[in-house]
>>> print(open('target.pdb').read())   # PDB, C-alpha atoms
ATOM      1  CA  MET A   1     -10.792 -48.588  19.676
ATOM      2  CA  LYS A   2      -7.036 -47.950  19.380
ATOM      3  CA  LYS A   3      -7.345 -47.733  15.578
ATOM      4  CA  ASN A   4     -10.017 -45.049  15.858
ATOM      5  CA  ARG A   5      -7.886 -43.055  18.276
ATOM      6  CA  SER A   6      -4.834 -43.308  16.016
ATOM      7  CA  LEU A   7      -6.895 -41.861  13.123
ATOM      8  CA  PHE A   8      -8.559 -39.254  15.298
ATOM      9  CA  LEU A   9      -5.369 -37.443  16.367
ATOM     10  CA  PRO A  10      -3.994 -36.871  12.824
ATOM     11  CA  LEU A  11      -7.428 -35.629  11.697
ATOM     12  CA  VAL A  12      -7.546 -33.174  14.589
ATOM     13  CA  ALA A  13      -4.002 -32.028  13.754
ATOM     14  CA  ILE A  14      -4.919 -31.497  10.090
ATOM     15  CA  ALA A  15      -8.059 -29.587  11.056
ATOM     16  CA  ALA A  16      -6.050 -27.392  13.453
ATOM     17  CA  LEU A  17      -3.450 -26.734  10.764
ATOM     18  CA  ALA A  18      -6.137 -25.785   8.241
ATOM     19  CA  ALA A  19      -7.767 -23.442  10.756
ATOM     20  CA  GLY A  20      -4.398 -21.839  11.508
ATOM     21  CA  ILE A  21      -3.672 -21.282   7.830
ATOM     22  CA  TYR A  22      -7.114 -19.738   7.315
ATOM     23  CA  VAL A  23      -6.733 -17.388  10.289
ATOM     24  CA  ALA A  24      -3.246 -16.320   9.149
ATOM     25  CA  TRP A  25      -4.544 -15.691   5.631
ATOM     26  CA  ARG A  26      -7.422 -13.530   6.969
ATOM     27  CA  ILE A  27      -5.098 -11.529   9.210
ATOM     28  CA  HIS A  28      -2.387 -10.922   6.598
ATOM     29  CA  THR A  29      -4.577 -10.258   3.554
ATOM     30  CA  PRO A  30      -5.362  -6.567   3.020
ATOM     31  CA  GLN A  31      -9.028  -5.975   3.705
ATOM     32  CA  ARG A  32     -11.505  -4.686   1.142
ATOM     33  CA  ILE A  33     -11.824  -0.987   1.495
ATOM     34  CA  GLY A  34     -15.075   0.817   2.044
ATOM     35  CA  ASP A  35     -15.852   4.402   1.170
ATOM     36  CA  PRO A  36     -15.036   5.694   4.685
ATOM     37  CA  ALA A  37     -11.355   4.740   4.284
ATOM     38  CA  VAL A  38     -11.093   6.453   0.901
ATOM     39  CA  GLN A  39     -12.902   9.511   2.291
ATOM     40  CA  LEU A  40     -10.437   9.563   5.191
ATOM     41  CA  LEU A  41      -7.573   9.514   2.707
ATOM     42  CA  PHE A  42      -9.043  12.363   0.661
ATOM     43  CA  SER A  43      -9.695  14.429   3.793
ATOM     44  CA  THR A  44      -6.053  14.080   4.856
ATOM     45  CA  ARG A  45      -3.632  16.979   4.580
ATOM     46  CA  LEU A  46       0.098  16.275   4.829
ATOM     47  CA  PRO A  47       3.198  18.388   4.310
ATOM     48  CA  ASP A  48       5.373  17.760   1.279
ATOM     49  CA  LEU A  49       9.173  17.682   1.586
ATOM     50  CA  ALA A  50       9.310  21.491   1.346
ATOM     51  CA  GLY A  51       6.887  21.774   4.270
ATOM     52  CA  ARG A  52       3.907  22.954   2.175
ATOM     53  CA  GLU A  53       0.674  21.321   3.261
ATOM     54  CA  GLN A  54      -0.967  19.247   0.530
ATOM     55  CA  SER A  55      -4.509  17.923   0.480
ATOM     56  CA  LEU A  56      -4.878  14.484  -1.037
ATOM     57  CA  SER A  57      -8.297  15.580  -2.308
ATOM     58  CA  GLN A  58      -6.517  17.520  -5.063
ATOM     59  CA  TRP A  59      -6.094  14.170  -6.851
ATOM     60  CA  ARG A  60      -9.654  12.944  -6.285
ATOM     61  CA  GLN A  61     -10.643  12.905  -9.984
ATOM     62  CA  ARG A  62      -7.601  10.860 -11.025
ATOM     63  CA  THR A  63      -6.520   7.287 -10.642
ATOM     64  CA  LEU A  64      -4.411   7.583  -7.515
ATOM     65  CA  VAL A  65      -1.508   5.290  -6.660
ATOM     66  CA  VAL A  66      -0.642   5.765  -2.992
ATOM     67  CA  ASN A  67       2.551   4.133  -1.782
ATOM     68  CA  PHE A  68       3.279   4.033   1.951
ATOM     69  CA  TRP A  69       7.029   3.739   2.409
ATOM     70  CA  ALA A  70      10.035   4.652   4.552
ATOM     71  CA  PRO A  71      13.716   5.185   3.747
ATOM     72  CA  TRP A  72      14.708   2.526   6.304
ATOM     73  CA  CYS A  73      12.479  -0.076   4.593
ATOM     74  CA  SER A  74      14.602  -2.069   2.141
ATOM     75  CA  PRO A  75      11.706  -3.340  -0.050
ATOM     76  CA  CYS A  76      10.356   0.232  -0.176
ATOM     77  CA  VAL A  77      13.663   1.566  -1.452
ATOM     78  CA  GLN A  78      13.982  -1.321  -3.927
ATOM     79  CA  GLU A  79      10.561  -0.668  -5.483
ATOM     80  CA  MET A  80      11.003   3.125  -5.685
ATOM     81  CA  PRO A  81      12.775   3.141  -9.111
ATOM     82  CA  ASP A  82      10.027   0.914 -10.564
ATOM     83  CA  LEU A  83       7.318   3.175  -9.156
ATOM     84  CA  ALA A  84       9.053   6.244 -10.590
ATOM     85  CA  LYS A  85       9.368   4.559 -13.996
ATOM     86  CA  ILE A  86       5.699   3.525 -14.046
ATOM     87  CA  ALA A  87       4.631   6.990 -12.869
ATOM     88  CA  ASN A  88       6.497   8.409 -15.853
ATOM     89  CA  GLU A  89       4.884   5.860 -18.218
ATOM     90  CA  PHE A  90       1.392   6.886 -17.080
ATOM     91  CA  LYS A  91       2.088  10.625 -17.047
ATOM     92  CA  GLY A  92      -0.668  12.397 -18.955
ATOM     93  CA  LYS A  93      -3.082   9.467 -18.521
ATOM     94  CA  ASN A  94      -4.986  10.860 -15.502
ATOM     95  CA  VAL A  95      -2.857   8.804 -13.088
ATOM     96  CA  GLN A  96      -1.190  10.368 -10.058
ATOM     97  CA  PHE A  97       1.431   8.681  -7.873
ATOM     98  CA  VAL A  98       1.926   9.857  -4.282
ATOM     99  CA  GLY A  99       4.422   8.546  -1.762
ATOM    100  CA  ILE A 100       3.451   8.838   1.893
ATOM    101  CA  GLY A 101       6.556   8.623   4.038
ATOM    102  CA  ILE A 102       6.389   6.948   7.433
ATOM    103  CA  ASP A 103       9.324   8.831   8.919
ATOM    104  CA  SER A 104      10.469  12.336   9.813
ATOM    105  CA  ALA A 105      10.776  15.124   7.251
ATOM    106  CA  PRO A 106      14.603  15.351   7.594
ATOM    107  CA  ASN A 107      15.003  11.611   6.946
ATOM    108  CA  LEU A 108      12.703  11.732   3.919
ATOM    109  CA  GLN A 109      14.473  14.832   2.592
ATOM    110  CA  ALA A 110      17.876  13.138   2.959
ATOM    111  CA  PHE A 111      16.571  10.130   1.023
ATOM    112  CA  GLU A 112      15.111  12.295  -1.760
ATOM    113  CA  ALA A 113      18.387  14.204  -2.070
ATOM    114  CA  LYS A 114      20.058  10.896  -3.007
ATOM    115  CA  VAL A 115      17.209   9.248  -4.934
ATOM    116  CA  LYS A 116      15.231  11.712  -7.036
ATOM    117  CA  VAL A 117      11.525  10.884  -7.220
ATOM    118  CA  GLN A 118       9.363  12.654  -9.796
ATOM    119  CA  TYR A 119       6.062  12.326  -7.937
ATOM    120  CA  PRO A 120       4.984  14.027  -4.708
ATOM    121  CA  LEU A 121       6.377  12.687  -1.461
ATOM    122  CA  LEU A 122       4.380  13.603   1.611
ATOM    123  CA  VAL A 123       5.446  13.378   5.251
ATOM    124  CA  ALA A 124       3.097  11.460   7.539
ATOM    125  CA  GLY A 125       5.517  10.341  10.215
ATOM    126  CA  TYR A 126       4.540   7.270  12.163
ATOM    127  CA  ALA A 127       0.904   8.445  12.234
ATOM    128  CA  GLY A 128       0.802   7.440   8.559
ATOM    129  CA  THR A 129       0.617   3.850   9.745
ATOM    130  CA  ASP A 130      -2.906   4.557  11.030
ATOM    131  CA  LEU A 131      -3.900   5.836   7.597
ATOM    132  CA  SER A 132      -2.458   2.765   5.875
ATOM    133  CA  ARG A 133      -4.296   0.525   8.354
ATOM    134  CA  ALA A 134      -7.563   2.308   7.552
ATOM    135  CA  LEU A 135      -6.901   1.528   3.881
ATOM    136  CA  GLY A 136      -6.479  -2.190   4.572
ATOM    137  CA  ASP A 137      -2.903  -2.677   5.783
ATOM    138  CA  THR A 138      -3.882  -4.858   8.736
ATOM    139  CA  MET A 139      -0.239  -5.484   9.662
ATOM    140  CA  GLY A 140       0.829  -1.842   9.581
ATOM    141  CA  ALA A 141       3.807  -3.056   7.539
ATOM    142  CA  LEU A 142       5.650  -1.455   4.636
ATOM    143  CA  PRO A 143       5.590  -1.050   1.752
ATOM    144  CA  PHE A 144       1.856  -0.825   1.180
ATOM    145  CA  THR A 145       0.362   0.364  -2.103
ATOM    146  CA  VAL A 146      -3.234   1.240  -2.919
ATOM    147  CA  VAL A 147      -4.695   2.080  -6.353
ATOM    148  CA  ILE A 148      -7.913   4.112  -6.233
ATOM    149  CA  ASP A 149      -9.892   4.818  -9.406
ATOM    150  CA  PRO A 150     -11.408   8.255 -10.187
ATOM    151  CA  THR A 151     -14.751   7.182  -8.667
ATOM    152  CA  GLY A 152     -13.061   6.502  -5.312
ATOM    153  CA  LYS A 153     -13.109   2.713  -5.582
ATOM    154  CA  VAL A 154     -10.030   0.781  -4.476
ATOM    155  CA  ARG A 155      -8.874  -1.357  -7.398
ATOM    156  CA  LEU A 156      -5.705  -2.827  -5.886
ATOM    157  CA  SER A 157      -4.145  -3.004  -2.457
ATOM    158  CA  LYS A 158      -0.799  -4.665  -2.021
ATOM    159  CA  LEU A 159       1.103  -5.318   1.175
ATOM    160  CA  GLY A 160       4.775  -5.834   0.402
ATOM    161  CA  GLN A 161       6.877  -4.917  -2.582
ATOM    162  CA  ILE A 162       4.657  -4.482  -5.616
ATOM    163  CA  GLN A 163       5.742  -6.053  -8.877
ATOM    164  CA  PRO A 164       5.863  -3.653 -11.856
ATOM    165  CA  ASP A 165       3.719  -5.922 -14.072
ATOM    166  CA  GLU A 166       1.104  -6.222 -11.323
ATOM    167  CA  LEU A 167       0.847  -2.430 -11.025
ATOM    168  CA  ARG A 168       0.867  -1.858 -14.794
ATOM    169  CA  SER A 169      -1.895  -4.444 -15.198
ATOM    170  CA  ALA A 170      -4.063  -2.715 -12.575
ATOM    171  CA  LEU A 171      -3.515   0.696 -14.170
ATOM    172  CA  ASN A 172      -4.086  -0.534 -17.722
ATOM    173  CA  ALA A 173      -7.386  -2.092 -16.623
ATOM    174  CA  LEU A 174      -8.574   1.387 -15.679
TER     175      LEU A 174
END
>>> encode(input="target.pdb", output="structure tokens")
Amino acid sequence: MKKNRSLFLPLVAIAALAAGIYVAWRIHTPQRIGDPAVQLLFSTRLPDLAGREQSLSQWRQRTLVVNFWAPWCSPCVQEMPDLAKIANEFKGKNVQFVGIGIDSAPNLQAFEAKVKVQYPLLVAGYAGTDLSRALGDTMGALPFTVVIDPTGKVRLSKLGQIQPDELRSALNAL
């Protein structure tokens, strides 16, 4: 009887560990996106850094790379030069990059004055976190990048700093 009990406890511990890993994976993995989330994105209007309201629907017929970021987010700032370089590489190939800033307009403007970005930067403030969550960012963390094809289907969603080869691969596949 003691032998059975000594085997039982490690098996229970392993099962509990496996269940914990599975739950953590489900919570931290961006969810698949349905049409309502993409429609919400395309129905959104946000000001650009000059204060002019922009509708994301203007890029509906393109492959759209949406990057949620903030100037206080170190991985966001680190990936910005790579995103700008890839945006330039895909210029003229029906691909549009858009940065949605999760901060105030003055903070985003101060950042852009130091680090020039060649694609549109829009100001969402902290309400942008709700939009990123709708698109699959279950943690509400930054950076978060979504690639949407011209038909409105999400082809890639990435929580955390995106690797240039990963993004290029997703865009080349389209």
>>> closest_residue(input="target.pdb", among="A:Pro164, A:Pro120, A:Pro75, A:Pro106", to="Asp48 in chain A", atoms="all atoms listed in the file")
A:Pro120
>>> resolve_selection(input="target.pdb", expression="the PyMOL selection byres ((chain A and resi 167) around 10)", output="list in words")
Val65, Asp82, Leu83, Ile86, Thr145, Val146, Val147, Leu156, Ser157, Lys158, Ile162, Gln163, Pro164, Asp165, Glu166, Arg168, Ser169, Ala170, Leu171, Asn172 and Ala173 of chain A
>>> closest_residue(input="target.pdb", among="A:Leu122, A:Thr138, A:Arg52, A:Glu89", to="Asp103 in chain A", atoms="only C-alpha atoms")
A:Leu122
>>> closest_residue(input="target.pdb", among="A:Ser43, A:Trp69, A:Val77, A:Ala87", to="Ser57 in chain A", atoms="all atoms listed in the file")
A:Ser43
>>> closest_residue(input="target.pdb", among="A:Ala113, A:Val98, A:Leu49, A:Ile14", to="Val66 in chain A", atoms="all atoms listed in the file")
A:Val98
>>> residues_near_point(input="target.pdb", point="(5.6, 21.4, -1.3)", cutoff="12 Å", atoms="only C-alpha atoms", output="VMD selection string")
chain A and resid 45 to 55 105 109 119 to 123
>>> atom_distance(input="target.pdb", atom1="CA of Arg133 in chain A", atom2="CA of Asp149 in chain A")
19.1 Å
>>> residues_around(input="target.pdb", residues="Gln61 in chain A", least_positions_apart="4", cutoff="10 Å", atoms="only C-alpha atoms", output="PDB file with C-alpha atoms, in the frame of the given file")
ATOM      1  CA  SER A  57      -8.297  15.580  -2.308  1.00  0.00           C
ATOM      2  CA  ASN A  94      -4.986  10.860 -15.502  1.00  0.00           C
ATOM      3  CA  VAL A  95      -2.857   8.804 -13.088  1.00  0.00           C
ATOM      4  CA  GLN A  96      -1.190  10.368 -10.058  1.00  0.00           C
ATOM      5  CA  ILE A 148      -7.913   4.112  -6.233  1.00  0.00           C
ATOM      6  CA  ASP A 149      -9.892   4.818  -9.406  1.00  0.00           C
ATOM      7  CA  PRO A 150     -11.408   8.255 -10.187  1.00  0.00           C
ATOM      8  CA  THR A 151     -14.751   7.182  -8.667  1.00  0.00           C
ATOM      9  CA  GLY A 152     -13.061   6.502  -5.312  1.00  0.00           C
TER      10      GLY A 152
END
>>> resolve_selection(input="target.pdb", expression="the PyMOL selection byres ((chain A and resi 141-144) around 6)", output="list in words")
Asn67, Phe68, Trp69, Cys76, Met139, Gly140, Thr145, Lys158, Leu159, Gly160 and Gln161 of chain A
>>> closest_residue(input="target.pdb", among="A:Thr63, A:Leu41, A:Ser132, A:Pro36", to="Lys93 in chain A", atoms="only C-alpha atoms")
A:Thr63
>>> residues_around(input="target.pdb", residues="Ile102 in chain A", least_positions_apart="5", cutoff="8 Å", atoms="all atoms listed in the file", output="compact mmCIF listing (two decimals) with C-alpha atoms, keeping the file's coordinate frame")
# COMPACT_ATOMS: atom_id res chain seq x y z
CA PHE A 68 3.28 4.03 1.95
CA TRP A 69 7.03 3.74 2.41
CA ALA A 70 10.04 4.65 4.55
CA VAL A 123 5.45 13.38 5.25
CA ALA A 124 3.10 11.46 7.54
CA GLY A 125 5.52 10.34 10.22
CA TYR A 126 4.54 7.27 12.16
CA ALA A 127 0.90 8.44 12.23
CA GLY A 128 0.80 7.44 8.56
CA THR A 129 0.62 3.85 9.74
>>> atom_distance(input="target.pdb", atom1="CA of Val115 in chain A", atom2="CA of Pro81 in chain A")
8.6 Å
>>> closest_residue(input="target.pdb", among="A:Gly136, A:Lys85, A:Arg155, A:Met80", to="Phe111 in chain A", atoms="all atoms listed in the file")
A:Met80
>>> axis_aligned_box(input="target.pdb", around="range 162-174 of chain A", padding_each_side="6 Å", output="lines of an AutoDock Vina configuration file")
center_x = -1.4
center_y = -2.4
center_z = -11.7
size_x = 26.4
size_y = 19.6
size_z = 24.1
>>> decode(input="target.pdb", residues="range 59-78 of chain A", atoms="N, CA, C and O atoms", output="PDB file, in the first residue's frame")
ATOM      1  N   TRP A  59      -7.316  51.255 -45.425  1.00  0.00           N
ATOM      2  CA  TRP A  59      -6.315  50.251 -45.818  1.00  0.00           C
ATOM      3  C   TRP A  59      -6.926  48.860 -45.948  1.00  0.00           C
ATOM      4  O   TRP A  59      -6.216  47.859 -45.967  1.00  0.00           O
ATOM      5  N   ARG A  60      -8.229  48.784 -46.061  1.00  0.00           N
ATOM      6  CA  ARG A  60      -8.949  47.514 -46.084  1.00  0.00           C
ATOM      7  C   ARG A  60      -8.518  46.609 -47.235  1.00  0.00           C
ATOM      8  O   ARG A  60      -8.467  45.398 -47.076  1.00  0.00           O
ATOM      9  N   GLN A  61      -8.218  47.120 -48.387  1.00  0.00           N
ATOM     10  CA  GLN A  61      -7.888  46.294 -49.556  1.00  0.00           C
ATOM     11  C   GLN A  61      -6.400  45.951 -49.648  1.00  0.00           C
ATOM     12  O   GLN A  61      -5.942  45.438 -50.660  1.00  0.00           O
ATOM     13  N   ARG A  62      -5.664  46.225 -48.611  1.00  0.00           N
ATOM     14  CA  ARG A  62      -4.225  45.930 -48.574  1.00  0.00           C
ATOM     15  C   ARG A  62      -3.933  44.883 -47.509  1.00  0.00           C
ATOM     16  O   ARG A  62      -4.748  44.628 -46.625  1.00  0.00           O
ATOM     17  N   THR A  63      -2.740  44.318 -47.595  1.00  0.00           N
ATOM     18  CA  THR A  63      -2.245  43.546 -46.456  1.00  0.00           C
ATOM     19  C   THR A  63      -1.869  44.585 -45.411  1.00  0.00           C
ATOM     20  O   THR A  63      -1.110  45.515 -45.692  1.00  0.00           O
ATOM     21  N   LEU A  64      -2.416  44.443 -44.228  1.00  0.00           N
ATOM     22  CA  LEU A  64      -2.236  45.446 -43.184  1.00  0.00           C
ATOM     23  C   LEU A  64      -1.432  44.862 -42.033  1.00  0.00           C
ATOM     24  O   LEU A  64      -1.788  43.814 -41.489  1.00  0.00           O
ATOM     25  N   VAL A  65      -0.339  45.524 -41.698  1.00  0.00           N
ATOM     26  CA  VAL A  65       0.474  45.153 -40.541  1.00  0.00           C
ATOM     27  C   VAL A  65       0.195  46.199 -39.465  1.00  0.00           C
ATOM     28  O   VAL A  65       0.539  47.366 -39.632  1.00  0.00           O
ATOM     29  N   VAL A  66      -0.472  45.767 -38.404  1.00  0.00           N
ATOM     30  CA  VAL A  66      -0.829  46.671 -37.312  1.00  0.00           C
ATOM     31  C   VAL A  66       0.050  46.332 -36.121  1.00  0.00           C
ATOM     32  O   VAL A  66       0.054  45.197 -35.645  1.00  0.00           O
ATOM     33  N   ASN A  67       0.790  47.336 -35.663  1.00  0.00           N
ATOM     34  CA  ASN A  67       1.692  47.148 -34.529  1.00  0.00           C
ATOM     35  C   ASN A  67       1.227  48.032 -33.379  1.00  0.00           C
ATOM     36  O   ASN A  67       1.199  49.252 -33.500  1.00  0.00           O
ATOM     37  N   PHE A  68       0.824  47.403 -32.280  1.00  0.00           N
ATOM     38  CA  PHE A  68       0.460  48.124 -31.064  1.00  0.00           C
ATOM     39  C   PHE A  68       1.735  48.325 -30.257  1.00  0.00           C
ATOM     40  O   PHE A  68       2.450  47.352 -29.981  1.00  0.00           O
ATOM     41  N   TRP A  69       2.019  49.551 -29.878  1.00  0.00           N
ATOM     42  CA  TRP A  69       3.297  49.870 -29.258  1.00  0.00           C
ATOM     43  C   TRP A  69       3.138  51.070 -28.322  1.00  0.00           C
ATOM     44  O   TRP A  69       2.100  51.714 -28.284  1.00  0.00           O
ATOM     45  N   ALA A  70       4.207  51.367 -27.596  1.00  0.00           N
ATOM     46  CA  ALA A  70       4.272  52.563 -26.756  1.00  0.00           C
ATOM     47  C   ALA A  70       5.732  52.986 -26.627  1.00  0.00           C
ATOM     48  O   ALA A  70       6.631  52.141 -26.655  1.00  0.00           O
ATOM     49  N   PRO A  71       5.993  54.270 -26.490  1.00  0.00           N
ATOM     50  CA  PRO A  71       7.374  54.735 -26.375  1.00  0.00           C
ATOM     51  C   PRO A  71       8.061  54.293 -25.089  1.00  0.00           C
ATOM     52  O   PRO A  71       9.280  54.261 -25.018  1.00  0.00           O
ATOM     53  N   TRP A  72       7.303  53.941 -24.071  1.00  0.00           N
ATOM     54  CA  TRP A  72       7.873  53.476 -22.803  1.00  0.00           C
ATOM     55  C   TRP A  72       8.127  51.974 -22.800  1.00  0.00           C
ATOM     56  O   TRP A  72       8.635  51.426 -21.827  1.00  0.00           O
ATOM     57  N   CYS A  73       7.772  51.294 -23.882  1.00  0.00           N
ATOM     58  CA  CYS A  73       7.918  49.838 -23.998  1.00  0.00           C
ATOM     59  C   CYS A  73       9.228  49.530 -24.724  1.00  0.00           C
ATOM     60  O   CYS A  73       9.345  49.754 -25.927  1.00  0.00           O
ATOM     61  N   SER A  74      10.212  49.045 -23.988  1.00  0.00           N
ATOM     62  CA  SER A  74      11.535  48.789 -24.555  1.00  0.00           C
ATOM     63  C   SER A  74      11.514  47.857 -25.773  1.00  0.00           C
ATOM     64  O   SER A  74      12.116  48.174 -26.794  1.00  0.00           O
ATOM     65  N   PRO A  75      10.829  46.702 -25.731  1.00  0.00           N
ATOM     66  CA  PRO A  75      10.803  45.842 -26.917  1.00  0.00           C
ATOM     67  C   PRO A  75      10.129  46.526 -28.114  1.00  0.00           C
ATOM     68  O   PRO A  75      10.506  46.287 -29.264  1.00  0.00           O
ATOM     69  N   CYS A  76       9.149  47.398 -27.828  1.00  0.00           N
ATOM     70  CA  CYS A  76       8.486  48.135 -28.910  1.00  0.00           C
ATOM     71  C   CYS A  76       9.485  49.045 -29.623  1.00  0.00           C
ATOM     72  O   CYS A  76       9.550  49.085 -30.853  1.00  0.00           O
ATOM     73  N   VAL A  77      10.243  49.771 -28.830  1.00  0.00           N
ATOM     74  CA  VAL A  77      11.230  50.703 -29.376  1.00  0.00           C
ATOM     75  C   VAL A  77      12.324  49.934 -30.117  1.00  0.00           C
ATOM     76  O   VAL A  77      12.774  50.357 -31.182  1.00  0.00           O
ATOM     77  N   GLN A  78      12.722  48.780 -29.578  1.00  0.00           N
ATOM     78  CA  GLN A  78      13.766  47.979 -30.224  1.00  0.00           C
ATOM     79  C   GLN A  78      13.323  47.440 -31.582  1.00  0.00           C
ATOM     80  O   GLN A  78      14.130  47.358 -32.506  1.00  0.00           O
TER      81      GLN A  78
END
